>>> print(open('run36.pdb').read())   # PDB, C-alpha atoms, pLDDT in the B column
ATOM      1  CA  MET H 295      24.582 -15.087 -28.505  1.00 97.00           C
ATOM      2  CA  ALA H 296      24.048 -16.052 -24.852  1.00 97.00           C
ATOM      3  CA  GLU H 297      21.011 -18.220 -25.590  1.00 96.00           C
ATOM      4  CA  TYR H 298      22.797 -20.206 -28.279  1.00 97.00           C
ATOM      5  CA  LEU H 299      26.018 -20.527 -26.298  1.00 98.00           C
ATOM      6  CA  MET H 300      24.029 -21.806 -23.301  1.00 97.00           C
ATOM      7  CA  ARG H 301      22.136 -24.294 -25.446  1.00 95.00           C
ATOM      8  CA  HIS H 302      25.444 -25.460 -26.915  1.00 96.00           C
ATOM      9  CA  HIS H 303      26.939 -26.065 -23.456  1.00 95.00           C
ATOM     10  CA  LEU H 304      23.875 -27.869 -22.118  1.00 93.00           C
ATOM     11  CA  GLY H 305      23.276 -30.021 -25.193  1.00 92.00           C
ATOM     12  CA  PRO H 306      20.009 -31.071 -26.801  1.00 88.00           C
ATOM     13  CA  GLN H 307      18.960 -33.392 -23.963  1.00 90.00           C
ATOM     14  CA  THR H 308      18.798 -30.729 -21.251  1.00 88.00           C
ATOM     15  CA  ALA H 309      15.626 -30.350 -19.242  1.00 86.00           C
ATOM     16  CA  TRP H 310      16.290 -26.623 -18.819  1.00 88.00           C
ATOM     17  CA  GLN H 311      14.539 -24.227 -21.162  1.00 91.00           C
ATOM     18  CA  ILE H 312      16.546 -21.260 -22.381  1.00 94.00           C
ATOM     19  CA  HIS H 313      15.015 -18.312 -24.215  1.00 94.00           C
ATOM     20  CA  SER H 314      16.251 -14.837 -24.979  1.00 94.00           C
ATOM     21  CA  ALA H 315      14.327 -11.621 -25.336  1.00 95.00           C
ATOM     22  CA  GLY H 316      15.202  -7.970 -25.520  1.00 91.00           C
ATOM     23  CA  LEU H 317      13.990  -4.787 -23.919  1.00 90.00           C
ATOM     24  CA  ALA H 318      14.372  -2.694 -27.066  1.00 82.00           C
ATOM     25  CA  ALA H 319      14.426  -5.450 -29.671  1.00 74.00           C
ATOM     26  CA  GLY H 320      11.830  -5.695 -32.353  1.00 80.00           C
ATOM     27  CA  ASN H 321      10.227  -9.039 -33.052  1.00 90.00           C
ATOM     28  CA  GLY H 322      11.564 -11.220 -35.844  1.00 93.00           C
ATOM     29  CA  GLN H 323      14.921  -9.608 -36.545  1.00 94.00           C
ATOM     30  CA  ALA H 324      17.813 -11.886 -37.486  1.00 94.00           C
ATOM     31  CA  ALA H 325      21.049 -11.832 -35.529  1.00 95.00           C
ATOM     32  CA  SER H 326      23.749  -9.509 -36.815  1.00 95.00           C
ATOM     33  CA  ALA H 327      26.166 -10.886 -39.380  1.00 97.00           C
ATOM     34  CA  GLU H 328      28.996 -10.437 -36.870  1.00 98.00           C
ATOM     35  CA  ALA H 329      27.201 -12.449 -34.179  1.00 98.00           C
ATOM     36  CA  VAL H 330      26.479 -15.218 -36.691  1.00 98.00           C
ATOM     37  CA  GLU H 331      30.123 -15.281 -37.754  1.00 98.00           C
ATOM     38  CA  VAL H 332      31.662 -15.406 -34.270  1.00 98.00           C
ATOM     39  CA  LEU H 333      29.312 -18.188 -33.158  1.00 98.00           C
ATOM     40  CA  ASP H 334      30.014 -20.073 -36.376  1.00 98.00           C
ATOM     41  CA  GLU H 335      33.671 -20.032 -35.272  1.00 98.00           C
ATOM     42  CA  GLN H 336      32.466 -22.139 -32.308  1.00 96.00           C
ATOM     43  CA  ASN H 337      30.421 -24.423 -34.617  1.00 97.00           C
ATOM     44  CA  ILE H 338      27.157 -22.875 -33.389  1.00 98.00           C
ATOM     45  CA  ASP H 339      24.522 -21.958 -35.978  1.00 98.00           C
ATOM     46  CA  LEU H 340      22.872 -18.680 -34.994  1.00 97.00           C
ATOM     47  CA  THR H 341      21.044 -18.207 -38.297  1.00 97.00           C
ATOM     48  CA  PRO H 342      17.680 -19.535 -36.989  1.00 97.00           C
ATOM     49  CA  HIS H 343      17.594 -16.899 -34.229  1.00 96.00           C
ATOM     50  CA  ARG H 344      14.929 -14.193 -34.386  1.00 96.00           C
ATOM     51  CA  SER H 345      14.606 -11.416 -31.847  1.00 94.00           C
ATOM     52  CA  ARG H 346      11.611 -10.971 -29.618  1.00 95.00           C
ATOM     53  CA  SER H 347      10.532  -8.430 -27.054  1.00 95.00           C
ATOM     54  CA  LEU H 348      10.294  -9.327 -23.389  1.00 95.00           C
ATOM     55  CA  THR H 349       6.697  -9.793 -22.232  1.00 94.00           C
ATOM     56  CA  HIS H 350       4.800 -10.320 -18.971  1.00 95.00           C
ATOM     57  CA  ASP H 351       4.105 -13.924 -19.998  1.00 96.00           C
ATOM     58  CA  MET H 352       7.840 -14.590 -20.409  1.00 95.00           C
ATOM     59  CA  ILE H 353       8.544 -13.057 -17.011  1.00 96.00           C
ATOM     60  CA  ASP H 354       5.791 -15.135 -15.384  1.00 96.00           C
ATOM     61  CA  ALA H 355       7.132 -18.347 -16.941  1.00 95.00           C
ATOM     62  CA  SER H 356      10.741 -17.704 -15.872  1.00 95.00           C
ATOM     63  CA  THR H 357      12.494 -19.145 -12.865  1.00 92.00           C
ATOM     64  CA  LEU H 358      15.616 -17.084 -13.503  1.00 94.00           C
ATOM     65  CA  ILE H 359      15.975 -13.945 -15.617  1.00 97.00           C
ATOM     66  CA  MET H 360      19.521 -13.264 -16.718  1.00 96.00           C
ATOM     67  CA  VAL H 361      20.645  -9.808 -17.803  1.00 97.00           C
ATOM     68  CA  MET H 362      23.879  -8.521 -19.256  1.00 96.00           C
ATOM     69  CA  THR H 363      23.934  -5.116 -17.531  1.00 96.00           C
ATOM     70  CA  GLN H 364      22.821  -3.497 -14.308  1.00 96.00           C
ATOM     71  CA  ALA H 365      20.809  -1.004 -16.381  1.00 95.00           C
ATOM     72  CA  GLN H 366      18.851  -3.883 -17.920  1.00 96.00           C
ATOM     73  CA  ALA H 367      18.100  -5.260 -14.449  1.00 96.00           C
ATOM     74  CA  LEU H 368      16.761  -1.895 -13.310  1.00 96.00           C
ATOM     75  CA  ASN H 369      14.732  -1.496 -16.492  1.00 96.00           C
ATOM     76  CA  ILE H 370      13.128  -4.918 -16.070  1.00 97.00           C
ATOM     77  CA  LYS H 371      12.389  -4.277 -12.373  1.00 96.00           C
ATOM     78  CA  ARG H 372      10.696  -1.024 -13.322  1.00 96.00           C
ATOM     79  CA  ARG H 373       8.674  -2.476 -16.207  1.00 95.00           C
ATOM     80  CA  PHE H 374       7.973  -5.869 -14.635  1.00 96.00           C
ATOM     81  CA  PRO H 375       7.913  -5.530 -10.838  1.00 96.00           C
ATOM     82  CA  GLU H 376       6.648  -9.112 -10.597  1.00 94.00           C
ATOM     83  CA  ALA H 377      10.107 -10.279 -11.749  1.00 95.00           C
ATOM     84  CA  GLY H 378      11.299  -9.539  -8.229  1.00 87.00           C
ATOM     85  CA  ASN H 379      14.474 -11.304  -7.149  1.00 91.00           C
ATOM     86  CA  ARG H 380      14.554 -13.623 -10.187  1.00 95.00           C
ATOM     87  CA  ILE H 381      16.649 -11.057 -12.076  1.00 97.00           C
ATOM     88  CA  ARG H 382      20.385 -11.747 -11.956  1.00 96.00           C
ATOM     89  CA  LEU H 383      23.368 -10.243 -13.697  1.00 96.00           C
ATOM     90  CA  LEU H 384      25.020 -12.956 -15.802  1.00 96.00           C
ATOM     91  CA  THR H 385      28.435 -12.219 -14.341  1.00 96.00           C
ATOM     92  CA  SER H 386      27.146 -12.504 -10.755  1.00 94.00           C
ATOM     93  CA  PHE H 387      27.921 -16.227 -10.632  1.00 92.00           C
ATOM     94  CA  LYS H 388      31.680 -15.783 -10.839  1.00 86.00           C
ATOM     95  CA  PRO H 389      33.461 -16.811  -7.642  1.00 81.00           C
ATOM     96  CA  ALA H 390      34.764 -13.259  -7.157  1.00 80.00           C
ATOM     97  CA  ALA H 391      31.797 -11.484  -8.738  1.00 73.00           C
ATOM     98  CA  ARG H 392      31.940  -7.714  -8.771  1.00 80.00           C
ATOM     99  CA  GLY H 393      28.820  -7.105 -10.836  1.00 80.00           C
ATOM    100  CA  GLU H 394      30.515  -6.383 -14.134  1.00 93.00           C
ATOM    101  CA  ASP H 395      28.341  -5.568 -17.115  1.00 96.00           C
ATOM    102  CA  ILE H 396      28.704  -7.369 -20.423  1.00 96.00           C
ATOM    103  CA  ASN H 397      28.257  -4.690 -23.039  1.00 94.00           C
ATOM    104  CA  ASP H 398      26.215  -5.059 -26.202  1.00 94.00           C
ATOM    105  CA  PRO H 399      28.599  -5.506 -29.153  1.00 96.00           C
ATOM    106  CA  ILE H 400      26.124  -4.077 -31.678  1.00 93.00           C
ATOM    107  CA  GLY H 401      27.917  -1.763 -34.070  1.00 93.00           C
ATOM    108  CA  GLY H 402      31.315  -3.161 -33.130  1.00 96.00           C
ATOM    109  CA  ASP H 403      33.806  -4.989 -35.303  1.00 97.00           C
ATOM    110  CA  LEU H 404      34.437  -8.747 -35.304  1.00 97.00           C
ATOM    111  CA  GLU H 405      37.052  -8.472 -32.565  1.00 98.00           C
ATOM    112  CA  THR H 406      34.513  -6.738 -30.328  1.00 98.00           C
ATOM    113  CA  TYR H 407      31.997  -9.507 -31.011  1.00 98.00           C
ATOM    114  CA  ARG H 408      34.618 -12.163 -30.245  1.00 98.00           C
ATOM    115  CA  ARG H 409      35.544 -10.475 -26.964  1.00 98.00           C
ATOM    116  CA  ILE H 410      31.890 -10.204 -25.923  1.00 98.00           C
ATOM    117  CA  ARG H 411      31.225 -13.817 -27.011  1.00 98.00           C
ATOM    118  CA  ASP H 412      34.088 -14.952 -24.802  1.00 97.00           C
ATOM    119  CA  GLU H 413      32.894 -12.852 -21.841  1.00 96.00           C
ATOM    120  CA  ILE H 414      29.413 -14.343 -22.181  1.00 97.00           C
ATOM    121  CA  ASP H 415      30.814 -17.840 -22.555  1.00 96.00           C
ATOM    122  CA  GLU H 416      32.934 -17.552 -19.407  1.00 94.00           C
ATOM    123  CA  ALA H 417      29.982 -16.210 -17.411  1.00 95.00           C
ATOM    124  CA  LEU H 418      27.728 -18.992 -18.703  1.00 96.00           C
ATOM    125  CA  LEU H 419      30.110 -21.656 -17.428  1.00 94.00           C
ATOM    126  CA  ASP H 420      29.876 -20.126 -13.943  1.00 93.00           C
ATOM    127  CA  LEU H 421      26.083 -20.009 -14.252  1.00 94.00           C
ATOM    128  CA  ILE H 422      25.924 -23.666 -15.299  1.00 93.00           C
ATOM    129  CA  LEU H 423      28.035 -24.691 -12.291  1.00 92.00           C
ATOM    130  CA  HIS H 424      25.701 -22.717 -10.030  1.00 89.00           C
ATOM    131  CA  LEU H 425      22.596 -24.338 -11.539  1.00 88.00           C
ATOM    132  CA  LYS H 426      24.059 -27.830 -11.256  1.00 86.00           C
ATOM    133  CA  ARG H 427      24.951 -27.265  -7.587  1.00 86.00           C
ATOM    134  CA  LEU H 428      21.479 -25.891  -6.916  1.00 81.00           C
ATOM    135  CA  THR H 429      19.838 -28.837  -8.660  1.00 79.00           C
ATOM    136  CA  ALA H 430      22.008 -31.318  -6.726  1.00 81.00           C
ATOM    137  CA  ARG H 431      21.006 -29.709  -3.411  1.00 80.00           C
ATOM    138  CA  GLN H 432      17.324 -29.964  -4.315  1.00 78.00           C
ATOM    139  CA  SER H 433      17.610 -33.660  -5.175  1.00 65.00           C
TER     140      SER H 433
END
>>> encode(input="run36.pdb", output="structure tokens")
Amino acid sequence: MAEYLMRHHLGPQTAWQIHSAGLAAGNGQAASAEAVEVLDEQNIDLTPHRSRSLTHDMIDASTLIMVMTQAQALNIKRRFPEAGNRIRLLTSFKPAARGEDINDPIGGDLETYRRIRDEIDEALLDLILHLKRLTARQS
């Protein structure tokens, strides 16, 4: 959901590349019906999404690696030490960030998916502000 929400916020003309991958995801799986439904409520079509596993090539090509939980960050650091300090918790860009995890809604009901969608969406807005400030400073 995060990839498609981010793409939605940035629009089709963005120069930033956004890709998602999982640590335990198989390749080629469609998004859950619940995820498709709650993004459809935001006029975002998630049906083209297919899962893929995180690889060394993806890590090497990434400037910033966003994770939903602290456990994911530790797992990536252990499996991909070259990721170094490019790993960031999505909620770490909030002005009063406390390092809160965003839990995986898999297996939850629609209300759980909506709550998680909204948590991701709020965190993405903070991330976008951070990236825009960073880009402005580099210009």
>>> atom_distance(input="run36.pdb", atom1="CA of Leu404 in chain H", atom2="CA of Ala365 in chain H")
24.6 Å
>>> resolve_selection(input="run36.pdb", expression="the PyMOL selection byres ((chain H and resi 323-327) around 12)", output="VMD selection string")
chain H and resid 295 to 298 314 to 316 318 to 322 328 to 334 339 to 347 398 to 404 407
>>> closest_residue(input="run36.pdb", among="H:Ala377, H:Met352, H:Glu405, H:Leu384", to="Ala417 in chain H", atoms="all atoms listed in the file")
H:Leu384
>>> atom_distance(input="run36.pdb", atom1="CA of Gln432 in chain H", atom2="CA of Arg380 in chain H")
17.6 Å
>>> closest_residue(input="run36.pdb", among="H:Thr349, H:Gln336, H:Asn397, H:Ser386", to="Phe374 in chain H", atoms="all atoms listed in the file")
H:Thr349
>>> atom_distance(input="run36.pdb", atom1="CA of Gly393 in chain H", atom2="CA of Met362 in chain H")
9.9 Å
>>> resolve_selection(input="run36.pdb", expression="the PyMOL selection byres ((chain H and resi 358) around 9)", output="list of chain:residue names")
H:Ile353, H:Ser356, H:Thr357, H:Ile359, H:Met360, H:Ala377, H:Asn379, H:Arg380, H:Ile381, H:Arg382
>>> closest_residue(input="run36.pdb", among="H:Thr363, H:Gly305, H:Arg409, H:Pro375", to="Ile396 in chain H", atoms="only C-alpha atoms")
H:Thr363
>>> closest_residue(input="run36.pdb", among="H:Thr429, H:Thr385, H:Gln364, H:Asn369", to="Leu348 in chain H", atoms="only C-alpha atoms")
H:Asn369
>>> closest_residue(input="run36.pdb", among="H:Ala309, H:Asp415, H:His350, H:Leu299", to="Lys388 in chain H", atoms="only C-alpha atoms")
H:Asp415
>>> closest_residue(input="run36.pdb", among="H:Leu419, H:Leu317, H:Ile414, H:Met300", to="Lys371 in chain H", atoms="all atoms listed in the file")
H:Leu317
>>> axis_aligned_box(input="run36.pdb", around="range 336-346 of chain H", padding_each_side="6 Å", output="lines of an AutoDock Vina configuration file")
center_x = 22.0
center_y = -17.7
center_z = -34.0
size_x = 32.9
size_y = 25.5
size_z = 20.7
>>> decode(input="run36.pdb", residues="range 409-433 of chain H", atoms="N, CA and C atoms", output="compact mmCIF listing (two decimals), in the first residue's frame")
# COMPACT_ATOMS: atom_id res chain seq x y z
N ARG H 409 -7.17 1.55 8.90
CA ARG H 409 -6.35 2.19 9.93
C ARG H 409 -4.88 2.19 9.52
N ILE H 410 -4.41 1.05 9.03
CA ILE H 410 -3.01 0.96 8.60
C ILE H 410 -2.76 1.84 7.38
N ARG H 411 -3.71 1.85 6.43
CA ARG H 411 -3.58 2.74 5.26
C ARG H 411 -3.42 4.18 5.72
N ASP H 412 -4.22 4.59 6.67
CA ASP H 412 -4.16 5.97 7.15
C ASP H 412 -2.86 6.27 7.90
N GLU H 413 -2.36 5.29 8.67
CA GLU H 413 -1.08 5.47 9.35
C GLU H 413 0.04 5.63 8.32
N ILE H 414 0.03 4.79 7.30
CA ILE H 414 1.04 4.87 6.25
C ILE H 414 0.93 6.22 5.54
N ASP H 415 -0.28 6.60 5.21
CA ASP H 415 -0.50 7.85 4.47
C ASP H 415 0.02 9.05 5.25
N GLU H 416 -0.26 9.10 6.53
CA GLU H 416 0.22 10.21 7.37
C GLU H 416 1.74 10.23 7.40
N ALA H 417 2.36 9.07 7.57
CA ALA H 417 3.82 8.99 7.62
C ALA H 417 4.43 9.38 6.28
N LEU H 418 3.78 9.02 5.18
CA LEU H 418 4.30 9.37 3.86
C LEU H 418 4.31 10.88 3.65
N LEU H 419 3.31 11.57 4.14
CA LEU H 419 3.28 13.03 3.99
C LEU H 419 4.47 13.66 4.70
N ASP H 420 4.82 13.14 5.89
CA ASP H 420 6.00 13.64 6.59
C ASP H 420 7.28 13.31 5.82
N LEU H 421 7.34 12.13 5.24
CA LEU H 421 8.50 11.74 4.43
C LEU H 421 8.64 12.66 3.22
N ILE H 422 7.55 12.93 2.55
CA ILE H 422 7.59 13.80 1.35
C ILE H 422 8.09 15.19 1.72
N LEU H 423 7.61 15.73 2.84
CA LEU H 423 8.11 17.05 3.29
C LEU H 423 9.61 17.00 3.54
N HIS H 424 10.07 15.94 4.17
CA HIS H 424 11.50 15.78 4.43
C HIS H 424 12.29 15.74 3.12
N LEU H 425 11.83 14.95 2.17
CA LEU H 425 12.53 14.82 0.89
C LEU H 425 12.55 16.14 0.12
N LYS H 426 11.45 16.87 0.17
CA LYS H 426 11.41 18.16 -0.53
C LYS H 426 12.36 19.16 0.11
N ARG H 427 12.43 19.17 1.44
CA ARG H 427 13.38 20.06 2.13
C ARG H 427 14.81 19.68 1.79
N LEU H 428 15.09 18.40 1.78
CA LEU H 428 16.43 17.90 1.46
C LEU H 428 16.82 18.27 0.04
N THR H 429 15.90 18.09 -0.88
CA THR H 429 16.14 18.43 -2.28
C THR H 429 16.37 19.93 -2.45
N ALA H 430 15.60 20.74 -1.74
CA ALA H 430 15.75 22.20 -1.82
C ALA H 430 17.13 22.64 -1.31
N ARG H 431 17.60 22.00 -0.23
CA ARG H 431 18.91 22.33 0.32
C ARG H 431 20.04 21.96 -0.63
N GLN H 432 19.84 20.91 -1.40
CA GLN H 432 20.88 20.44 -2.33
C GLN H 432 20.90 21.24 -3.63
N SER H 433 19.86 22.03 -3.85
CA SER H 433 19.78 22.82 -5.09
C SER H 433 20.60 24.08 -5.01
